[in-house]
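Asker: Next comes entry_35.csv, CSV, C-alpha atoms:
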```csv
chain,number,residue,atom,x,y,z
A,1,MET,CA,-1.0,-14.6,-0.8
A,2,LYS,CA,2.1,-12.5,-1.4
A,3,MET,CA,2.7,-8.8,-1.2
A,4,ILE,CA,5.0,-7.5,-3.9
A,5,ARG,CA,6.8,-4.2,-3.3
A,6,ALA,CA,8.6,-2.8,-6.3
A,7,ILE,CA,10.8,0.2,-6.0
A,8,ILE,CA,11.3,1.6,-9.5
A,9,ARG,CA,12.3,4.8,-11.3
A,10,PRO,CA,9.5,7.4,-11.1
A,11,ASP,CA,9.5,8.0,-14.9
A,12,MET,CA,8.9,4.2,-15.6
A,13,THR,CA,5.9,4.0,-13.2
A,14,GLU,CA,3.1,4.7,-15.8
A,15,GLN,CA,4.7,2.2,-18.2
A,16,VAL,CA,4.8,-0.5,-15.6
A,17,VAL,CA,1.3,0.3,-14.3
A,18,ASP,CA,-0.2,0.1,-17.8
A,19,SER,CA,1.4,-3.2,-18.6
A,20,LEU,CA,0.2,-4.7,-15.3
A,21,ALA,CA,-3.3,-3.4,-16.1
A,22,ASP,CA,-3.2,-5.1,-19.5
A,23,GLU,CA,-2.4,-8.4,-17.9
A,24,GLY,CA,-5.3,-8.0,-15.4
A,25,PHE,CA,-3.5,-6.7,-12.3
A,26,VAL,CA,-5.4,-3.4,-12.0
A,27,ALA,CA,-5.4,-2.9,-8.3
A,28,LEU,CA,-2.3,-1.4,-6.8
A,29,THR,CA,-1.0,1.3,-4.5
A,30,LYS,CA,1.8,3.7,-5.4
A,31,MET,CA,3.8,6.0,-3.1
A,32,ASN,CA,6.7,8.4,-3.5
A,33,VAL,CA,9.7,7.3,-1.5
A,34,ILE,CA,13.3,8.4,-1.3
A,35,GLY,CA,16.2,5.9,-1.0
A,36,ARG,CA,19.5,4.7,-2.1
A,37,GLY,CA,21.1,1.4,-3.1
A,38,LYS,CA,24.4,-0.3,-2.9
A,39,GLN,CA,26.1,2.6,-4.8
A,40,LYS,CA,25.3,4.9,-1.9
A,41,GLY,CA,23.4,7.4,-4.0
A,42,ILE,CA,24.9,9.1,-7.0
A,43,HIS,CA,28.3,10.8,-7.2
A,44,LEU,CA,28.6,13.4,-10.1
A,45,ASP,CA,32.0,15.0,-10.0
A,46,ASN,CA,31.9,16.9,-6.7
A,47,ILE,CA,28.2,16.7,-6.1
A,48,TYR,CA,26.9,13.9,-4.0
A,49,TYR,CA,23.2,12.9,-4.0
A,50,ASP,CA,22.6,10.8,-1.0
A,51,GLU,CA,18.9,10.1,-1.4
A,52,ILE,CA,17.3,9.5,-4.8
A,53,PRO,CA,13.5,9.9,-5.4
A,54,LYS,CA,11.8,6.6,-6.4
A,55,THR,CA,8.3,5.3,-6.7
A,56,MET,CA,7.1,2.2,-4.7
A,57,LEU,CA,4.4,0.1,-6.1
A,58,MET,CA,2.6,-2.2,-3.7
A,59,LEU,CA,0.3,-5.0,-4.8
A,60,VAL,CA,-1.0,-8.2,-3.3
A,61,ALA,CA,-1.6,-11.2,-5.4
A,62,ASP,CA,-2.1,-15.0,-5.2
A,63,GLU,CA,1.0,-17.0,-4.9
A,64,ASP,CA,0.9,-18.5,-8.4
A,65,GLN,CA,0.7,-15.1,-10.0
A,66,THR,CA,3.7,-13.5,-8.3
A,67,GLU,CA,6.2,-14.8,-10.9
A,68,LYS,CA,4.2,-13.3,-13.7
A,69,ILE,CA,3.9,-9.9,-12.0
A,70,VAL,CA,7.6,-9.9,-11.2
A,71,SER,CA,8.5,-10.6,-14.8
A,72,ILE,CA,6.3,-7.8,-16.1
A,73,ILE,CA,7.9,-5.3,-13.7
A,74,ASN,CA,11.4,-6.6,-14.5
A,75,GLU,CA,10.8,-6.2,-18.2
A,76,LYS,CA,9.1,-2.8,-18.2
A,77,ALA,CA,11.3,-1.1,-15.5
A,78,TYR,CA,14.5,-2.2,-17.1
A,79,THR,CA,17.0,0.3,-18.5
A,80,GLY,CA,20.3,-1.5,-17.8
A,81,ASN,CA,21.7,1.2,-15.6
A,82,PHE,CA,22.3,1.4,-11.9
A,83,GLY,CA,19.1,2.5,-10.1
A,84,ASP,CA,16.5,0.5,-12.0
A,85,GLY,CA,15.1,-0.7,-8.6
A,86,LYS,CA,14.4,-3.7,-6.5
A,87,VAL,CA,11.4,-6.0,-6.1
A,88,PHE,CA,10.6,-7.5,-2.7
A,89,ILE,CA,8.1,-10.3,-2.1
A,90,SER,CA,6.7,-10.9,1.4
A,91,PRO,CA,4.0,-13.2,2.8
A,92,VAL,CA,0.5,-12.0,3.6
A,93,ASP,CA,-1.7,-14.0,5.9
A,94,GLU,CA,-5.1,-12.6,5.3
A,95,SER,CA,-6.7,-9.8,3.3
A,96,TYR,CA,-10.1,-8.2,3.8
A,97,THR,CA,-12.3,-6.0,1.6
A,98,VAL,CA,-13.8,-3.2,3.8
A,99,ARG,CA,-17.0,-2.6,1.8
A,100,THR,CA,-18.2,-6.2,1.7
A,101,ARG,CA,-16.5,-7.1,5.0
A,102,SER,CA,-15.4,-10.3,3.3
A,103,LYS,CA,-12.1,-12.1,3.4
A,104,GLY,CA,-10.0,-12.6,0.4
A,105,LEU,CA,-8.8,-10.4,-2.5
B,106,MET,CA,3.1,-10.3,16.1
B,107,LYS,CA,1.1,-9.2,13.1
B,108,GLU,CA,1.5,-6.2,10.9
B,109,ILE,CA,-1.8,-4.8,9.7
B,110,ILE,CA,-1.7,-2.6,6.6
B,111,ALA,CA,-5.0,-0.9,5.9
B,112,ILE,CA,-5.7,1.4,2.9
B,113,ILE,CA,-8.7,3.6,3.7
B,114,ARG,CA,-10.4,6.8,2.7
B,115,PRO,CA,-8.5,9.9,3.9
B,116,LYS,CA,-11.6,11.5,5.4
B,117,MET,CA,-12.2,8.5,7.7
B,118,MET,CA,-8.8,8.9,9.3
B,119,ILE,CA,-9.8,11.0,12.3
B,120,LYS,CA,-12.7,8.7,13.3
B,121,THR,CA,-10.5,5.6,12.8
B,122,LYS,CA,-7.8,7.1,15.0
B,123,GLU,CA,-10.2,8.0,17.7
B,124,VAL,CA,-11.8,4.6,17.9
B,125,LEU,CA,-8.5,2.7,17.8
B,126,ASP,CA,-7.2,5.0,20.5
B,127,SER,CA,-10.1,4.2,22.7
B,128,LEU,CA,-9.5,0.4,22.2
B,129,GLY,CA,-5.9,0.8,23.3
B,130,PHE,CA,-4.1,0.9,20.0
B,131,PRO,CA,-2.9,4.5,19.7
B,132,ALA,CA,0.3,3.7,17.9
B,133,MET,CA,0.3,3.7,14.1
B,134,THR,CA,2.1,4.9,11.0
B,135,ALA,CA,0.1,6.8,8.4
B,136,GLN,CA,1.1,7.7,4.9
B,137,ARG,CA,-0.5,9.5,2.0
B,138,VAL,CA,-0.7,7.2,-1.0
B,139,MET,CA,-2.3,7.0,-4.4
B,140,GLY,CA,-4.0,3.8,-5.5
B,141,ARG,CA,-6.7,2.1,-7.4
B,142,GLY,CA,-8.7,-1.1,-7.0
B,143,LYS,CA,-10.4,-3.7,-9.2
B,144,GLN,CA,-12.6,-1.0,-10.8
B,145,LYS,CA,-9.6,0.8,-12.2
B,146,ALA,CA,-10.4,4.1,-10.3
B,147,ILE,CA,-13.9,5.4,-10.9
B,148,ILE,CA,-14.3,9.1,-10.4
B,149,GLN,CA,-17.3,9.0,-8.0
B,150,GLU,CA,-14.9,8.0,-5.2
B,151,VAL,CA,-13.7,11.7,-4.8
B,152,SER,CA,-15.7,14.0,-2.6
B,153,PHE,CA,-16.2,17.1,-4.8
B,154,ASP,CA,-19.1,17.6,-7.3
B,155,ILE,CA,-18.4,16.7,-11.0
B,156,GLU,CA,-20.4,18.4,-13.7
B,157,LYS,CA,-19.8,15.8,-16.5
B,158,THR,CA,-22.1,13.1,-15.4
B,159,GLU,CA,-21.0,10.6,-18.0
B,160,LEU,CA,-17.6,10.5,-16.4
B,161,LEU,CA,-19.2,9.2,-13.1
B,162,GLU,CA,-20.0,5.8,-14.5
B,163,GLU,CA,-17.0,5.2,-16.7
B,164,GLU,CA,-14.3,2.8,-15.5
B,165,GLY,CA,-10.7,4.2,-15.5
B,166,SER,CA,-11.8,7.8,-15.8
B,167,MET,CA,-9.2,8.7,-13.2
B,168,ARG,CA,-5.8,7.2,-13.0
B,169,TYR,CA,-5.4,7.0,-9.2
B,170,ILE,CA,-7.5,7.9,-6.1
B,171,PRO,CA,-5.8,9.5,-3.1
B,172,LYS,CA,-5.9,7.2,-0.1
B,173,ARG,CA,-4.4,6.9,3.3
B,174,MET,CA,-2.4,3.9,4.3
B,175,ILE,CA,-2.1,3.0,8.0
B,176,THR,CA,0.3,0.4,9.4
B,177,LEU,CA,-0.1,-1.0,12.9
B,178,VAL,CA,1.8,-3.7,14.6
B,179,VAL,CA,-0.3,-5.7,17.1
B,180,PRO,CA,0.1,-8.9,19.2
B,181,ASP,CA,-1.2,-12.1,17.6
B,182,GLU,CA,-4.3,-12.3,19.7
B,183,ASP,CA,-5.5,-8.8,19.0
B,184,PHE,CA,-5.4,-8.6,15.3
B,185,ASN,CA,-8.9,-9.9,14.7
B,186,LEU,CA,-10.3,-7.1,17.0
B,187,VAL,CA,-8.4,-4.4,15.1
B,188,VAL,CA,-9.3,-5.7,11.7
B,189,GLU,CA,-13.0,-5.9,12.7
B,190,THR,CA,-12.9,-2.4,14.1
B,191,ILE,CA,-11.3,-0.8,11.1
B,192,MET,CA,-13.9,-2.6,8.9
B,193,LYS,CA,-16.8,-1.5,11.0
B,194,ILE,CA,-15.7,2.2,11.0
B,195,ASN,CA,-14.8,2.4,7.4
B,196,CYS,CA,-17.6,0.6,5.8
B,197,THR,CA,-19.8,3.0,3.8
B,198,GLY,CA,-21.0,0.5,1.3
B,199,LYS,CA,-19.7,2.4,-1.7
B,200,ILE,CA,-16.8,1.3,-3.9
B,201,GLY,CA,-13.5,2.5,-2.6
B,202,ASP,CA,-13.8,1.7,1.1
B,203,GLY,CA,-10.4,0.1,1.0
B,204,LYS,CA,-8.5,-3.1,1.8
B,205,ILE,CA,-6.8,-4.6,4.9
B,206,PHE,CA,-3.8,-6.9,4.7
B,207,VAL,CA,-2.5,-8.9,7.6
B,208,CYS,CA,1.2,-9.9,7.4
B,209,PRO,CA,3.4,-11.9,9.7
B,210,LEU,CA,6.2,-10.0,11.5
B,211,ASP,CA,9.3,-11.5,13.2
B,212,GLU,CA,10.6,-8.9,15.5
B,213,ALA,CA,9.9,-5.4,17.0
B,214,ILE,CA,12.6,-3.4,18.7
B,215,ARG,CA,12.1,-0.1,20.6
B,216,VAL,CA,15.1,2.1,19.7
B,217,ARG,CA,15.2,4.1,23.0
B,218,THR,CA,15.4,1.1,25.4
B,219,GLU,CA,16.2,-1.7,23.0
B,220,GLU,CA,13.3,-3.8,24.3
B,221,ARG,CA,12.4,-6.6,21.9
B,222,GLY,CA,9.2,-8.4,21.0
B,223,GLN,CA,5.9,-7.8,22.7
B,224,LYS,CA,7.4,-5.4,25.3
B,225,ALA,CA,8.4,-3.1,22.5
B,226,LEU,CA,4.7,-2.7,21.5
B,227,VAL,CA,3.2,-1.7,24.8
```
What would the structure in this file look like if it were written as C-alpha coordinates?
Answerer:
Amino acid sequence: MKMIRAIIRPDMTEQVVDSLADEGFVALTKMNVIGRGKQKGIHLDNIYYDEIPKTMLMLVADEDQTEKIVSIINEKAYTGNFGDGKVFISPVDESYTVRTRSKGL
Amino acid sequence: MKEIIAIIRPKMMIKTKEVLDSLGFPAMTAQRVMGRGKQKAIIQEVSFDIEKTELLEEEGSMRYIPKRMITLVVPDEDFNLVVETIMKINCTGKIGDGKIFVCPLDEAIRVRTEERGQKALV
(Lines of atoms letter the chains of each structure in order from A and count residues from 1; the text may use other names and numbers.)
(Lines give C-alpha, C1' and ligand atoms only; values in the text may rest on other atoms or scores of the structure.)
Protein backbone atom coordinates (compact mmCIF):
# COMPACT_ATOMS: atom_id res chain seq x y z
CA MET A 1 0.00 0.00 0.00
CA LYS A 2 1.06 3.56 -0.63
CA MET A 3 0.08 6.83 0.98
CA ILE A 4 -0.40 9.68 -1.45
CA ARG A 5 -0.15 13.20 -0.09
CA ALA A 6 -1.04 15.92 -2.56
CA ILE A 7 -0.57 19.58 -1.75
CA ILE A 8 -2.74 21.56 -4.13
CA ARG A 9 -4.40 24.94 -4.58
CA PRO A 10 -7.40 25.30 -2.23
CA ASP A 11 -9.70 26.39 -5.07
CA MET A 12 -8.87 23.27 -7.10
CA THR A 13 -9.71 20.91 -4.22
CA GLU A 14 -13.35 20.18 -5.01
CA GLN A 15 -12.55 19.61 -8.68
CA VAL A 16 -9.85 17.07 -7.79
CA VAL A 17 -12.01 15.37 -5.13
CA ASP A 18 -14.95 15.00 -7.52
CA SER A 19 -12.78 13.53 -10.28
CA LEU A 20 -11.23 11.07 -7.83
CA ALA A 21 -14.72 10.05 -6.66
CA ASP A 22 -15.82 9.47 -10.25
CA GLU A 23 -12.94 7.04 -10.71
CA GLY A 24 -13.84 5.21 -7.49
CA PHE A 25 -11.41 6.74 -5.01
CA VAL A 26 -13.99 8.13 -2.59
CA ALA A 27 -12.19 7.85 0.74
CA LEU A 28 -9.78 10.65 1.54
CA THR A 29 -8.77 13.13 4.21
CA LYS A 30 -8.23 16.81 3.54
CA MET A 31 -6.56 19.40 5.71
CA ASN A 32 -5.68 23.05 5.42
CA VAL A 33 -1.95 23.71 5.51
CA ILE A 34 0.33 26.63 4.85
CA GLY A 35 3.62 26.35 3.06
CA ARG A 36 5.95 27.56 0.41
CA GLY A 37 7.93 26.12 -2.44
CA LYS A 38 11.14 26.74 -4.31
CA GLN A 39 10.07 30.31 -5.12
CA LYS A 40 10.10 31.16 -1.37
CA GLY A 41 6.50 32.31 -1.34
CA ILE A 42 5.24 35.12 -3.54
CA HIS A 43 6.83 38.51 -4.17
CA LEU A 44 4.41 41.16 -5.42
CA ASP A 45 6.22 44.47 -5.81
CA ASN A 46 7.18 45.29 -2.23
CA ILE A 47 4.86 42.83 -0.58
CA TYR A 48 6.31 39.49 0.35
CA TYR A 49 4.07 36.53 1.16
CA ASP A 50 6.16 33.95 2.95
CA GLU A 51 3.50 31.35 3.62
CA ILE A 52 0.80 30.48 1.13
CA PRO A 53 -2.41 28.64 2.12
CA LYS A 54 -2.76 25.23 0.49
CA THR A 55 -4.90 22.14 0.86
CA MET A 56 -3.38 18.75 1.53
CA LEU A 57 -5.25 15.65 0.39
CA MET A 58 -4.21 12.35 1.94
CA LEU A 59 -5.29 8.99 0.63
CA VAL A 60 -4.06 5.44 0.91
CA ALA A 61 -4.36 3.07 -2.03
CA ASP A 62 -3.02 -0.20 -3.33
CA GLU A 63 0.28 0.00 -5.12
CA ASP A 64 -1.05 -0.62 -8.62
CA GLN A 65 -3.55 2.23 -8.37
CA THR A 66 -1.13 4.97 -7.35
CA GLU A 67 -0.21 5.92 -10.90
CA LYS A 68 -3.85 6.37 -11.83
CA ILE A 69 -4.52 8.57 -8.78
CA VAL A 70 -1.43 10.67 -9.42
CA SER A 71 -2.42 11.23 -13.05
CA ILE A 72 -5.94 12.32 -12.03
CA ILE A 73 -4.52 14.80 -9.50
CA ASN A 74 -1.94 16.07 -12.01
CA GLU A 75 -4.56 16.62 -14.64
CA LYS A 76 -7.18 18.33 -12.47
CA ALA A 77 -4.94 20.49 -10.28
CA TYR A 78 -2.96 21.84 -13.24
CA THR A 79 -2.98 25.53 -14.16
CA GLY A 80 0.55 25.88 -15.53
CA ASN A 81 1.62 28.54 -13.01
CA PHE A 82 3.97 28.33 -10.06
CA GLY A 83 2.17 27.00 -7.01
CA ASP A 84 0.16 24.19 -8.54
CA GLY A 85 1.47 21.91 -5.84
CA LYS A 86 3.34 18.70 -5.20
CA VAL A 87 2.44 15.05 -4.81
CA PHE A 88 4.34 12.79 -2.43
CA ILE A 89 4.09 8.99 -2.31
CA SER A 90 5.27 7.07 0.75
CA PRO A 91 5.02 3.44 1.85
CA VAL A 92 2.38 2.17 4.29
CA ASP A 93 3.01 -1.14 6.02
CA GLU A 94 -0.43 -1.91 7.34
CA SER A 95 -3.88 -0.40 7.56
CA TYR A 96 -6.77 -1.22 9.88
CA THR A 97 -10.48 -0.39 9.93
CA VAL A 98 -11.52 0.46 13.49
CA ARG A 99 -15.21 -0.52 13.22
CA THR A 100 -14.59 -4.06 11.98
CA ARG A 101 -11.16 -4.38 13.62
CA SER A 102 -9.94 -5.89 10.38
CA LYS A 103 -6.72 -5.44 8.51
CA GLY A 104 -6.66 -3.94 5.06
CA LEU A 105 -8.27 -1.00 3.32
CA MET B 1 10.42 2.87 14.32
CA LYS B 2 6.86 3.07 13.06
CA GLU B 3 4.63 6.02 12.48
CA ILE B 4 1.01 5.38 13.37
CA ILE B 5 -1.53 7.67 11.71
CA ALA B 6 -5.03 7.22 13.12
CA ILE B 7 -8.12 9.08 11.96
CA ILE B 8 -10.78 8.91 14.67
CA ARG B 9 -13.96 10.59 15.89
CA PRO B 10 -13.27 13.95 17.59
CA LYS B 11 -15.33 13.07 20.68
CA MET B 12 -13.23 9.96 21.34
CA MET B 13 -10.06 12.05 21.63
CA ILE B 14 -10.07 12.53 25.42
CA LYS B 15 -10.57 8.85 26.15
CA THR B 16 -7.95 7.81 23.61
CA LYS B 17 -5.42 10.21 25.10
CA GLU B 18 -6.10 8.99 28.65
CA VAL B 19 -5.65 5.33 27.80
CA LEU B 20 -2.53 5.85 25.65
CA ASP B 21 -1.12 7.97 28.46
CA SER B 22 -1.63 5.19 30.99
CA LEU B 23 0.10 2.71 28.68
CA GLY B 24 3.14 4.97 28.47
CA PHE B 25 2.61 6.65 25.11
CA PRO B 26 1.80 10.24 26.09
CA ALA B 27 3.44 11.88 23.08
CA MET B 28 1.35 12.53 20.00
CA THR B 29 0.45 15.11 17.40
CA ALA B 30 -3.22 15.85 16.81
CA GLN B 31 -4.83 17.70 13.97
CA ARG B 32 -8.35 18.68 13.01
CA VAL B 33 -9.08 17.31 9.56
CA MET B 34 -12.05 16.77 7.28
CA GLY B 35 -12.54 13.51 5.53
CA ARG B 36 -14.76 10.82 4.18
CA GLY B 37 -14.66 7.09 3.74
CA LYS B 38 -15.94 4.46 1.38
CA GLN B 39 -19.56 5.46 2.09
CA LYS B 40 -18.96 8.97 0.72
CA ALA B 41 -19.85 10.75 3.99
CA ILE B 42 -23.29 9.81 5.31
CA ILE B 43 -24.91 12.34 7.59
CA GLN B 44 -25.69 10.03 10.54
CA GLU B 45 -22.04 10.26 11.55
CA VAL B 46 -22.51 13.72 13.08
CA SER B 47 -23.74 13.97 16.64
CA PHE B 48 -26.61 16.49 16.45
CA ASP B 49 -30.26 15.66 15.59
CA ILE B 50 -31.39 15.98 12.01
CA GLU B 51 -35.04 16.61 11.17
CA LYS B 52 -35.04 15.45 7.55
CA THR B 53 -34.95 11.71 8.08
CA GLU B 54 -34.54 10.86 4.39
CA LEU B 55 -31.10 12.49 4.47
CA LEU B 56 -29.95 10.01 7.09
CA GLU B 57 -29.84 7.06 4.73
CA GLU B 58 -28.59 8.82 1.62
CA GLU B 59 -24.98 8.35 0.57
CA GLY B 60 -23.00 11.49 -0.09
CA SER B 61 -25.48 13.76 1.69
CA MET B 62 -22.58 15.54 3.33
CA ARG B 63 -19.32 16.33 1.58
CA TYR B 64 -16.94 15.81 4.47
CA ILE B 65 -17.12 14.73 8.09
CA PRO B 66 -14.97 16.45 10.76
CA LYS B 67 -12.38 14.04 12.16
CA ARG B 68 -9.31 14.13 14.34
CA MET B 69 -6.02 12.79 13.03
CA ILE B 70 -3.43 11.66 15.56
CA THR B 71 0.15 10.79 14.70
CA LEU B 72 2.39 8.79 17.03
CA VAL B 73 5.89 7.48 16.56
CA VAL B 74 6.56 4.26 18.46
CA PRO B 75 9.33 1.64 18.55
CA ASP B 76 8.89 -1.35 16.24
CA GLU B 77 7.92 -3.78 19.01
CA ASP B 78 5.17 -1.58 20.47
CA PHE B 79 3.12 -0.70 17.42
CA ASN B 80 0.81 -3.71 17.67
CA LEU B 81 -0.15 -2.76 21.22
CA VAL B 82 -0.89 0.83 20.26
CA VAL B 83 -2.93 -0.17 17.21
CA GLU B 84 -4.94 -2.70 19.24
CA THR B 85 -5.55 -0.11 21.96
CA ILE B 86 -6.74 2.58 19.58
CA MET B 87 -9.04 0.06 17.88
CA LYS B 88 -10.49 -1.15 21.18
CA ILE B 89 -11.27 2.34 22.49
CA ASN B 90 -12.67 3.76 19.26
CA CYS B 91 -14.80 0.83 18.17
CA THR B 92 -18.50 1.81 18.41
CA GLY B 93 -19.66 -0.50 15.64
CA LYS B 94 -21.15 2.32 13.58
CA ILE B 95 -19.82 3.56 10.25
CA GLY B 96 -17.20 6.26 10.69
CA ASP B 97 -15.05 4.80 13.45
CA GLY B 98 -11.95 5.59 11.46
CA LYS B 99 -8.82 4.11 9.96
CA ILE B 100 -5.32 3.42 11.23
CA PHE B 101 -2.25 3.42 9.01
CA VAL B 102 1.17 2.12 10.01
CA CYS B 103 4.09 3.60 8.06
CA PRO B 104 7.82 2.94 8.31
CA LEU B 105 9.99 5.74 9.66
CA ASP B 106 13.74 6.12 9.23
CA GLU B 107 14.90 8.54 11.87
CA ALA B 108 13.72 10.58 14.84
CA ILE B 109 15.70 13.48 16.25
CA ARG B 110 15.04 15.46 19.43
CA VAL B 111 15.73 19.10 18.70
CA ARG B 112 16.77 20.10 22.23
CA THR B 113 19.48 17.46 22.76
CA GLU B 114 20.03 16.20 19.21
CA GLU B 115 19.48 12.62 20.37
CA ARG B 116 18.68 10.29 17.53
CA GLY B 117 16.66 7.10 17.01
CA GLN B 118 14.99 5.29 19.90
CA LYS B 119 16.47 7.64 22.50
CA ALA B 120 14.61 10.55 20.97
CA LEU B 121 11.29 8.81 21.58
CA VAL B 122 11.55 8.13 25.32
Asker: Record the distance separating atom CA of Ile34 of chain A and atom CA of Tyr49 of chain A, expressed in Å with one decimal.
Answerer: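 Computed distance, atom CA of Ile34 of chain A to atom CA of Tyr49 of chain A, equals 11.2 Å.
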Asker: Contacts from chain A to chain B, 8 Å maximum, only C-alpha atoms: show me the residue list as a list in words.
Answerer: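 The selection requested is Val26, Ala27, Leu28, Thr29, Lys30, Met31, Asn32, Pro91, Val92, Asp93, Glu94, Ser95, Tyr96, Thr97, Val98, Arg99, Thr100 and Arg101 of chain A.
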Asker: Check the smallest atom-to-atom distance from each of A:Phe82, A:Asp64, A:Ile69, A:Pro10 to Ile42 of chain A using only C-alpha atoms, then report the winner.
Answerer: A:Phe82
Asker: Around (6.5, 1.2, 23.5) in the file's own coordinates, what residues are found within 12 Å if you use only C-alpha atoms, given back as JSON, numbers by chain?
Answerer: {"B": [130, 131, 132, 133, 178, 179, 213, 214, 215, 216, 217, 218, 219, 220, 221, 222, 223, 224, 225, 226, 227]}
Asker: Ranking A:Val16, A:Thr66, A:Ile47, A:Pro53 by minimum distance to Ile89 of chain A and counting all atoms listed in the file, which one comes first?
Answerer: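 Of A:Val16, A:Thr66, A:Ile47, A:Pro53, the one nearest Ile89 of chain A is A:Thr66, counting all atoms listed in the file.
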Asker: Hey, can you check how far atom CA of Asn81 of chain A sits from atom CA of Met12 of chain A?
Answerer: 13.1 Å
Asker: Once you count only C-alpha atoms, which residues end up no further than 10 Å from (6.7, -0.4, -21.0) in the file's frame, shown as a ChimeraX atom specification?
Answerer: /A:12-20,72-73,75-78
